[in-house]
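Asker: My structure is in run16.txt, and what it holds is compact mmCIF, C-alpha atoms and all ligand atoms:
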```txt
# COMPACT_ATOMS: atom_id res chain seq x y z
CA MET A 3 79.69 44.76 10.31
CA LYS A 4 75.99 44.07 9.81
CA LEU A 5 73.20 46.18 8.36
CA LEU A 6 69.82 46.42 10.07
CA ILE A 7 66.96 48.09 8.15
CA ASP A 8 63.63 49.04 9.70
CA LYS A 9 60.26 49.03 7.95
CA ARG A 10 60.65 52.75 7.10
CA GLY A 11 63.93 52.02 5.28
CA LYS A 12 66.09 53.53 8.03
CA LYS A 13 69.47 51.80 8.07
CA TYR A 14 71.77 51.02 11.00
CA LEU A 15 75.34 49.85 10.43
CA LEU A 16 76.24 47.73 13.46
CA ARG A 17 79.37 46.01 14.69
CA GLU A 18 79.42 42.24 14.35
CA ASP A 19 79.33 41.76 18.15
CA VAL A 20 76.11 43.78 18.75
CA GLU A 21 73.61 41.27 20.16
CA GLU A 22 70.69 43.54 20.93
CA PHE A 23 69.79 46.88 19.30
CA HIS A 24 67.42 49.50 20.70
CA THR A 25 65.41 51.62 18.24
CA SER A 26 62.29 53.80 18.41
CA LEU A 27 60.44 50.78 16.94
CA GLY A 28 61.54 48.51 19.77
CA VAL A 29 64.41 46.24 20.74
CA VAL A 30 65.78 43.84 18.12
CA LYS A 31 67.65 40.70 19.18
CA LEU A 32 70.54 39.93 16.84
CA SER A 33 72.42 37.17 18.68
CA ASP A 34 71.11 34.26 16.56
CA ALA A 35 70.27 36.26 13.43
CA LYS A 36 72.09 35.88 10.11
CA PRO A 37 72.12 38.04 6.96
CA GLY A 38 68.89 37.59 4.99
CA ASP A 39 66.75 37.11 8.12
CA LYS A 40 63.56 39.05 8.69
CA LEU A 41 63.36 39.98 12.38
CA ARG A 42 60.74 41.44 14.71
CA SER A 43 61.32 43.93 17.50
CA HIS A 44 59.73 43.30 20.90
CA LEU A 45 56.99 45.73 19.75
CA GLY A 46 56.27 43.58 16.69
CA HIS A 47 57.82 45.81 14.01
CA GLU A 48 59.62 44.20 11.06
CA PHE A 49 63.37 44.57 10.50
CA TYR A 50 65.71 43.14 7.84
CA LEU A 51 69.26 42.03 8.44
CA LEU A 52 71.73 42.25 5.54
CA GLU A 53 75.44 42.03 4.96
CA PRO A 54 76.55 45.61 4.21
CA THR A 55 78.06 46.46 0.82
CA VAL A 56 80.26 49.38 -0.26
CA VAL A 57 77.04 51.36 -0.88
CA ASP A 58 76.05 51.08 2.79
CA TYR A 59 79.54 51.94 4.06
CA TYR A 60 79.54 55.00 1.78
CA ASP A 61 76.09 56.12 2.99
CA LYS A 62 77.03 55.79 6.65
CA LEU A 63 80.53 57.32 6.67
CA PRO A 64 81.36 59.79 9.44
CA ARG A 65 82.49 62.76 7.34
CA ALA A 66 85.51 65.04 7.17
CA GLY A 67 84.12 67.72 4.84
CA SER A 68 82.27 67.17 1.59
CA ILE A 69 82.53 63.86 -0.26
CA ILE A 70 82.28 62.94 -3.94
CA LEU A 71 78.78 61.79 -4.82
CA LYS A 72 78.03 58.42 -6.39
CA LYS A 73 76.87 60.13 -9.59
CA GLU A 74 80.46 61.34 -10.08
CA ILE A 75 82.16 58.19 -8.78
CA GLY A 76 80.47 56.14 -11.53
CA PRO A 77 81.93 58.21 -14.42
CA ILE A 78 85.37 58.40 -12.73
CA ILE A 79 85.49 54.59 -12.80
CA ALA A 80 83.86 54.24 -16.22
CA TYR A 81 85.96 56.84 -18.07
CA THR A 82 89.31 55.76 -16.62
CA GLY A 83 88.76 52.00 -16.77
CA ILE A 84 89.65 51.36 -13.11
CA GLY A 85 89.17 47.66 -12.50
CA SER A 86 90.41 44.60 -10.71
CA GLY A 87 94.15 44.89 -10.08
CA SER A 88 94.41 48.62 -10.92
CA ARG A 89 96.90 50.81 -9.06
CA VAL A 90 95.33 54.20 -8.36
CA VAL A 91 96.69 57.39 -6.76
CA GLU A 92 94.16 59.82 -5.31
CA ALA A 93 94.25 63.12 -3.39
CA GLY A 94 92.93 64.44 -1.10
CA THR A 95 91.67 61.62 0.98
CA GLY A 96 89.07 63.69 2.90
CA THR A 97 86.51 61.33 4.41
CA GLY A 98 87.84 58.49 2.28
CA ALA A 99 84.55 57.98 0.46
CA LEU A 100 86.08 57.86 -3.00
CA ALA A 101 89.05 55.80 -1.75
CA ILE A 102 86.65 53.19 -0.32
CA TYR A 103 84.83 52.86 -3.66
CA LEU A 104 88.15 52.69 -5.53
CA ALA A 105 89.46 50.04 -3.14
CA HIS A 106 86.28 48.05 -3.67
CA ILE A 107 86.75 48.19 -7.45
CA VAL A 108 90.52 47.46 -7.58
CA GLY A 109 90.02 44.40 -5.37
CA SER A 110 92.61 42.47 -3.40
CA GLU A 111 95.07 42.48 -6.33
CA GLY A 112 94.97 46.29 -6.69
CA LYS A 113 96.09 49.23 -4.57
CA VAL A 114 94.88 52.74 -3.79
CA TYR A 115 97.52 55.28 -2.69
CA THR A 116 95.79 58.24 -1.09
CA TYR A 117 97.42 61.56 -0.12
CA GLU A 118 96.03 63.93 2.53
CA ILE A 119 97.54 67.07 4.09
CA ARG A 120 95.30 67.19 7.16
CA GLU A 121 96.08 64.75 9.94
CA ASP A 122 92.54 64.99 11.39
CA HIS A 123 91.01 64.07 8.02
CA LEU A 124 93.40 61.16 7.59
CA GLU A 125 92.51 59.85 11.03
CA ILE A 126 88.78 59.82 10.18
CA ALA A 127 89.48 58.27 6.78
CA ARG A 128 91.66 55.50 8.25
CA LYS A 129 88.85 54.54 10.66
CA ASN A 130 86.42 54.52 7.72
CA PHE A 131 88.74 52.24 5.70
CA ALA A 132 88.89 49.78 8.59
CA LYS A 133 85.13 49.86 9.08
CA ALA A 134 84.59 49.14 5.37
CA GLY A 135 87.17 46.33 5.55
CA VAL A 136 89.38 47.75 2.77
CA GLU A 137 92.34 49.00 4.82
CA ASP A 138 94.66 46.35 3.27
CA ARG A 139 94.06 47.76 -0.20
CA ILE A 140 94.74 51.39 0.73
CA GLU A 141 98.02 53.10 1.54
CA ALA A 142 97.07 56.37 3.22
CA LYS A 143 99.78 59.04 3.41
CA LEU A 144 100.03 62.28 5.32
CA ALA A 145 101.58 64.25 2.46
CA ASP A 146 101.04 67.22 0.16
CA VAL A 147 100.50 65.85 -3.34
CA ARG A 148 101.66 69.20 -4.78
CA GLN A 149 105.15 68.27 -3.53
CA GLY A 150 105.22 65.10 -5.63
CA ILE A 151 103.86 61.58 -6.08
CA GLU A 152 106.12 58.70 -5.03
CA GLU A 153 104.46 55.95 -7.06
CA ARG A 154 105.32 55.18 -10.66
CA GLU A 155 103.58 53.32 -13.52
CA VAL A 156 100.16 53.76 -11.91
CA ASP A 157 97.02 53.20 -13.97
CA VAL A 158 94.97 56.18 -12.81
CA VAL A 159 95.36 59.40 -10.81
CA VAL A 160 92.28 61.09 -9.31
CA PHE A 161 92.30 64.56 -7.71
CA ASP A 162 89.58 66.06 -5.52
CA MET A 163 91.33 69.07 -3.96
CA PRO A 164 91.19 72.87 -4.34
CA ASP A 165 94.26 73.41 -6.58
CA PRO A 166 94.83 70.22 -8.61
CA TRP A 167 96.70 72.10 -11.35
CA LEU A 168 99.71 72.31 -9.00
CA ALA A 169 99.88 68.49 -8.85
CA ILE A 170 99.08 67.68 -12.48
CA PRO A 171 102.74 67.53 -13.65
CA HIS A 172 103.37 64.99 -10.83
CA ALA A 173 100.38 62.97 -12.03
CA TYR A 174 101.89 62.82 -15.50
CA GLU A 175 105.17 61.48 -14.08
CA ALA A 176 103.40 58.91 -11.92
CA LEU A 177 101.19 57.50 -14.67
CA ARG A 178 102.08 54.67 -17.01
CA HIS A 179 101.68 55.24 -20.74
CA GLY A 180 97.98 54.83 -21.51
CA GLY A 181 97.01 55.78 -17.95
CA PHE A 182 94.25 58.27 -17.14
CA ILE A 183 93.80 61.31 -14.94
CA ALA A 184 90.45 62.44 -13.50
CA VAL A 185 89.91 65.73 -11.68
CA TYR A 186 86.83 66.77 -9.72
CA ASN A 187 86.21 70.42 -8.81
CA PRO A 188 83.11 72.35 -7.76
CA TYR A 189 84.01 75.60 -9.57
CA ILE A 190 84.32 76.15 -13.31
CA GLU A 191 87.39 78.37 -12.82
CA GLN A 192 89.14 75.49 -11.04
CA ILE A 193 88.29 72.92 -13.69
CA ARG A 194 89.47 75.30 -16.43
CA LYS A 195 92.83 75.72 -14.69
CA ALA A 196 93.05 71.94 -14.30
CA TYR A 197 92.27 71.44 -18.00
CA LEU A 198 94.92 74.00 -19.03
CA ALA A 199 97.47 72.35 -16.72
CA MET A 200 96.68 68.99 -18.36
CA GLN A 201 97.29 70.61 -21.74
CA GLU A 202 100.60 72.03 -20.53
CA ALA A 203 101.64 68.61 -19.19
CA ASN A 204 100.86 67.03 -22.59
CA PHE A 205 97.81 64.98 -21.55
CA LYS A 206 95.70 63.83 -24.54
CA ASP A 207 91.98 63.01 -24.95
CA LYS A 208 91.05 65.84 -22.61
CA ARG A 209 87.43 66.61 -21.83
CA VAL A 210 85.34 68.25 -19.15
CA ILE A 211 81.88 67.00 -18.24
CA GLU A 212 79.13 67.72 -15.76
CA ILE A 213 76.80 65.02 -14.46
CA LEU A 214 73.20 65.97 -13.70
CA GLU A 215 71.04 63.43 -11.92
CA ARG A 216 67.27 63.86 -11.93
CA GLU A 217 65.20 61.53 -9.81
CA ILE A 218 61.89 60.32 -11.18
CA GLU A 219 58.89 60.04 -8.87
CA VAL A 220 56.51 57.16 -9.43
CA LYS A 221 53.11 57.94 -7.88
CA LYS A 222 49.57 56.69 -8.31
CA VAL A 223 48.61 59.89 -10.15
CA GLY A 224 51.55 59.70 -12.59
CA THR A 225 55.30 59.46 -13.10
CA ARG A 226 57.51 62.53 -13.49
CA PRO A 227 60.79 64.13 -12.39
CA LYS A 228 60.87 65.36 -8.81
CA THR A 229 60.24 69.12 -8.67
CA ARG A 230 63.43 69.67 -6.65
CA MET A 231 66.80 68.37 -7.73
CA LEU A 232 70.42 68.77 -6.71
CA GLY A 233 71.31 71.66 -9.03
CA HIS A 234 75.09 71.45 -8.92
CA THR A 235 77.89 69.45 -7.39
CA GLY A 236 80.97 69.78 -9.57
CA TYR A 237 82.78 69.24 -12.86
CA LEU A 238 84.95 66.34 -13.98
CA ALA A 239 87.98 66.72 -16.24
CA PHE A 240 89.66 63.71 -17.83
CA GLY A 241 92.90 63.21 -19.73
CA ARG A 242 95.18 60.39 -20.88
CA LYS A 243 98.93 60.00 -21.05
CA TYR A 244 100.36 58.80 -24.41
C1 LIG A 301 86.77 67.56 -0.76
S1 LIG A 301 87.88 66.67 0.21
C2 LIG A 301 88.06 65.13 -0.62
C3 LIG A 301 86.89 64.20 -0.41
C4 LIG A 301 87.13 62.80 -0.89
N1 LIG A 301 87.28 62.75 -2.33
C5 LIG A 301 86.00 61.90 -0.46
O1 LIG A 301 85.24 61.44 -1.34
O2 LIG A 301 85.84 61.64 0.73
C6 LIG A 301 89.42 67.44 -0.17
C7 LIG A 301 90.57 66.99 0.71
O3 LIG A 301 91.80 67.32 0.09
C8 LIG A 301 92.75 67.64 1.07
N2 LIG A 301 93.82 68.37 0.38
C9 LIG A 301 93.80 69.65 -0.04
N3 LIG A 301 94.95 69.96 -0.67
C10 LIG A 301 95.72 68.83 -0.63
C11 LIG A 301 97.03 68.52 -1.09
N4 LIG A 301 97.77 69.44 -1.70
N5 LIG A 301 97.53 67.26 -0.88
C12 LIG A 301 96.78 66.34 -0.24
N6 LIG A 301 95.52 66.59 0.22
C13 LIG A 301 95.00 67.82 0.04
C14 LIG A 301 91.92 68.43 2.08
O4 LIG A 301 92.55 68.49 3.34
C15 LIG A 301 90.61 67.66 2.08
O5 LIG A 301 90.60 66.67 3.09
```
What would you get if you wrote out this structure as structure tokens?
Answerer:
Amino acid sequence: MKLLIDKRGKKYLLREDVEEFHTSLGVVKLSDAKPGDKLRSHLGHEFYLLEPTVVDYYDKLPRAGSIILKKEIGPIIAYTGIGSGSRVVEAGTGTGALAIYLAHIVGSEGKVYTYEIREDHLEIARKNFAKAGVEDRIEAKLADVRQGIEEREVDVVVFDMPDPWLAIPHAYEALRHGGFIAVYNPYIEQIRKAYLAMQEANFKDKRVIEILEREIEVKKVGTRPKTRMLGHTGYLAFGRKY
């Protein structure tokens, strides 16, 4: 894939074999262009050609419902220590946005096992994995994670689904000693049930957090937070097996 950006910052994720691209700012020839090149459309407008990263794949994903935002993905990785070579179980797959980030972080030595109950969601996610070039690092399963987790001795389990408390005992069984669980839920009642289920399953170091992100506007007249912000997305609960 290649990433074309126009002078307004609008981004286009294009297949490698696209030789000519038509935009409202003119036609851009890509046949001899390489990442890093500054191009001009036939109308004289500037374009940039880059190699896409996980950030671009995430931003451009065709969606199957809501996805976890980057402001929550960061803490999931930071608080569970997911890194190169990690084996991670996640459910549900949804669009595959989180799975793509996790696959990027675990690298070619790691593995992401993702569970999804809806075939249509899994189909979209699988296409997204291929587009992002991480399909080799992800095992995507059409399965209900409340019925059990097949993997054992995994480093981290992440749940983004309506009733994670029904799968938390399976997460405990799947995790290695010292492994972490992370749960994301939009409602406080859900995250409370998840926390209590973690307690019941004997998870330690439990905590619930909320991440608020406020963008700062830098203008000629002064610098200050934007007047509008995303008020709420969800809560994150963490626990550790030991
Ligand atoms: C909010 S979406 C997940 C989004 C995903 N984290 C992402 O970033 O793209 C929740 C998904 O969980 C799936 N799901 C719900 N219950 C499930 C279960 N018991 N086992 C597996 N998947 C489940 C739903 O079908 C839905 O696709």
Asker: Using all atoms listed in the file, tabulate the residues of chain A lying at most 9 Å from any atom of ligand LIG 301 (chain A), each with its closest atom pair and that distance in Å to one decimal, by chain and increasing residue number, as a Markdown table.
Answerer:
```
| residue | atom | partner | partner_atom | distance |
| --- | --- | --- | --- | --- |
| A:Arg65 | CA | A:LIG301 | O2 | 7.5 |
| A:Ala66 | CA | A:LIG301 | O5 | 6.7 |
| A:Gly67 | CA | A:LIG301 | S1 | 6.1 |
| A:Ser68 | CA | A:LIG301 | C1 | 5.1 |
| A:Ile69 | CA | A:LIG301 | O1 | 3.8 |
| A:Ile70 | CA | A:LIG301 | O1 | 4.2 |
| A:Leu71 | CA | A:LIG301 | O1 | 7.3 |
| A:Ile75 | CA | A:LIG301 | O1 | 8.7 |
| A:Glu92 | CA | A:LIG301 | N1 | 8.0 |
| A:Ala93 | CA | A:LIG301 | N6 | 5.2 |
| A:Gly94 | CA | A:LIG301 | O3 | 3.3 |
| A:Thr95 | CA | A:LIG301 | C4 | 5.0 |
| A:Gly96 | CA | A:LIG301 | O5 | 3.4 |
| A:Thr97 | CA | A:LIG301 | O2 | 3.8 |
| A:Gly98 | CA | A:LIG301 | O2 | 4.0 |
| A:Ala99 | CA | A:LIG301 | O2 | 3.9 |
| A:Leu100 | CA | A:LIG301 | O1 | 4.0 |
| A:Ala101 | CA | A:LIG301 | O1 | 6.8 |
| A:Ile102 | CA | A:LIG301 | O1 | 8.4 |
| A:Tyr103 | CA | A:LIG301 | O1 | 8.9 |
| A:Thr116 | CA | A:LIG301 | C12 | 8.2 |
| A:Tyr117 | CA | A:LIG301 | C12 | 4.8 |
| A:Glu118 | CA | A:LIG301 | N6 | 3.6 |
| A:Ile119 | CA | A:LIG301 | N6 | 4.4 |
| A:Arg120 | CA | A:LIG301 | O4 | 4.9 |
| A:Glu121 | CA | A:LIG301 | O4 | 8.4 |
| A:Asp122 | CA | A:LIG301 | O5 | 8.7 |
| A:His123 | CA | A:LIG301 | O5 | 5.6 |
| A:Leu124 | CA | A:LIG301 | O5 | 7.6 |
| A:Ala127 | CA | A:LIG301 | O2 | 7.8 |
| A:Lys143 | CA | A:LIG301 | C12 | 8.7 |
| A:Leu144 | CA | A:LIG301 | C12 | 7.6 |
| A:Ala145 | CA | A:LIG301 | C12 | 5.9 |
| A:Asp146 | CA | A:LIG301 | N5 | 3.7 |
| A:Val147 | CA | A:LIG301 | N5 | 4.1 |
| A:Arg148 | CA | A:LIG301 | N4 | 5.0 |
| A:Gln149 | CA | A:LIG301 | N4 | 7.7 |
| A:Val160 | CA | A:LIG301 | N1 | 8.7 |
| A:Phe161 | CA | A:LIG301 | N1 | 7.6 |
| A:Asp162 | CA | A:LIG301 | N1 | 5.1 |
| A:Met163 | CA | A:LIG301 | O3 | 4.4 |
| A:Pro164 | CA | A:LIG301 | C9 | 6.0 |
| A:Asp165 | CA | A:LIG301 | N3 | 6.9 |
| A:Pro166 | CA | A:LIG301 | N4 | 7.5 |
| A:Leu168 | CA | A:LIG301 | N4 | 8.1 |
| A:Ala169 | CA | A:LIG301 | N4 | 7.5 |
| A:Tyr186 | CA | A:LIG301 | N1 | 8.4 |
| A:Asn187 | CA | A:LIG301 | C1 | 8.6 |
```
Asker: Name all residues at most 12 Å from Asp34 of chain A (count only C-alpha atoms; drop same-chain ones fewer than 4 positions away) and give them as a VMD selection string.
Answerer: chain A and resid 18 to 22 30 39 to 41 51
Asker: Go ahead and write the selection's residues with C-alpha atoms as an mmCIF file, keeping the file's coordinate frame.
Answerer:
```
data_model
loop_
_atom_site.group_PDB
_atom_site.id
_atom_site.type_symbol
_atom_site.label_atom_id
_atom_site.label_comp_id
_atom_site.auth_asym_id
_atom_site.auth_seq_id
_atom_site.Cartn_x
_atom_site.Cartn_y
_atom_site.Cartn_z
ATOM 1 C CA GLU A 18 79.420 42.240 14.350
ATOM 2 C CA ASP A 19 79.330 41.760 18.150
ATOM 3 C CA VAL A 20 76.110 43.780 18.750
ATOM 4 C CA GLU A 21 73.610 41.270 20.160
ATOM 5 C CA GLU A 22 70.690 43.540 20.930
ATOM 6 C CA VAL A 30 65.780 43.840 18.120
ATOM 7 C CA ASP A 39 66.750 37.110 8.120
ATOM 8 C CA LYS A 40 63.560 39.050 8.690
ATOM 9 C CA LEU A 41 63.360 39.980 12.380
ATOM 10 C CA LEU A 51 69.260 42.030 8.440
#
```
Asker: Would you mind reading off the distance between atom CA of Ala176 of chain A and atom CA of Arg154 of chain A, one decimal, in Å?
Answerer: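 Distance between the two atoms: 4.4 Å.
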Asker: Which residue, A:Val185, A:Leu32, A:Leu63, A:Ile79, has the smallest gap to Phe240 of chain A when you use all atoms listed in the file?
Answerer: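 Smallest distance to Phe240 of chain A is found for A:Val185.
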Asker: Do a neighbour search on Phe23 of chain A at 12 Å with all atoms listed in the file, toss out local chain neighbours closer than 2 positions, and write the hits as a short mmCIF file (atom, residue, chain, number, x, y, z; two decimals) with C-alpha atoms, in the frame of the given file.
Answerer:
```cif
data_model
loop_
_atom_site.label_atom_id
_atom_site.label_comp_id
_atom_site.auth_asym_id
_atom_site.auth_seq_id
_atom_site.Cartn_x
_atom_site.Cartn_y
_atom_site.Cartn_z
CA LYS A 4 75.99 44.07 9.81
CA LEU A 5 73.20 46.18 8.36
CA LEU A 6 69.82 46.42 10.07
CA ILE A 7 66.96 48.09 8.15
CA ASP A 8 63.63 49.04 9.70
CA TYR A 14 71.77 51.02 11.00
CA LEU A 15 75.34 49.85 10.43
CA LEU A 16 76.24 47.73 13.46
CA ARG A 17 79.37 46.01 14.69
CA GLU A 18 79.42 42.24 14.35
CA ASP A 19 79.33 41.76 18.15
CA VAL A 20 76.11 43.78 18.75
CA GLU A 21 73.61 41.27 20.16
CA THR A 25 65.41 51.62 18.24
CA SER A 26 62.29 53.80 18.41
CA LEU A 27 60.44 50.78 16.94
CA GLY A 28 61.54 48.51 19.77
CA VAL A 29 64.41 46.24 20.74
CA VAL A 30 65.78 43.84 18.12
CA LYS A 31 67.65 40.70 19.18
CA LEU A 32 70.54 39.93 16.84
CA SER A 33 72.42 37.17 18.68
CA LEU A 41 63.36 39.98 12.38
CA ARG A 42 60.74 41.44 14.71
CA SER A 43 61.32 43.93 17.50
CA HIS A 44 59.73 43.30 20.90
CA PHE A 49 63.37 44.57 10.50
CA LEU A 51 69.26 42.03 8.44
#
```
Asker: Could you please determine the separation between atom CA of Leu52 of chain A and atom CA of Gly11 of chain A in Å, to one decimal place?
Answerer: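 It comes out at 12.5 Å.
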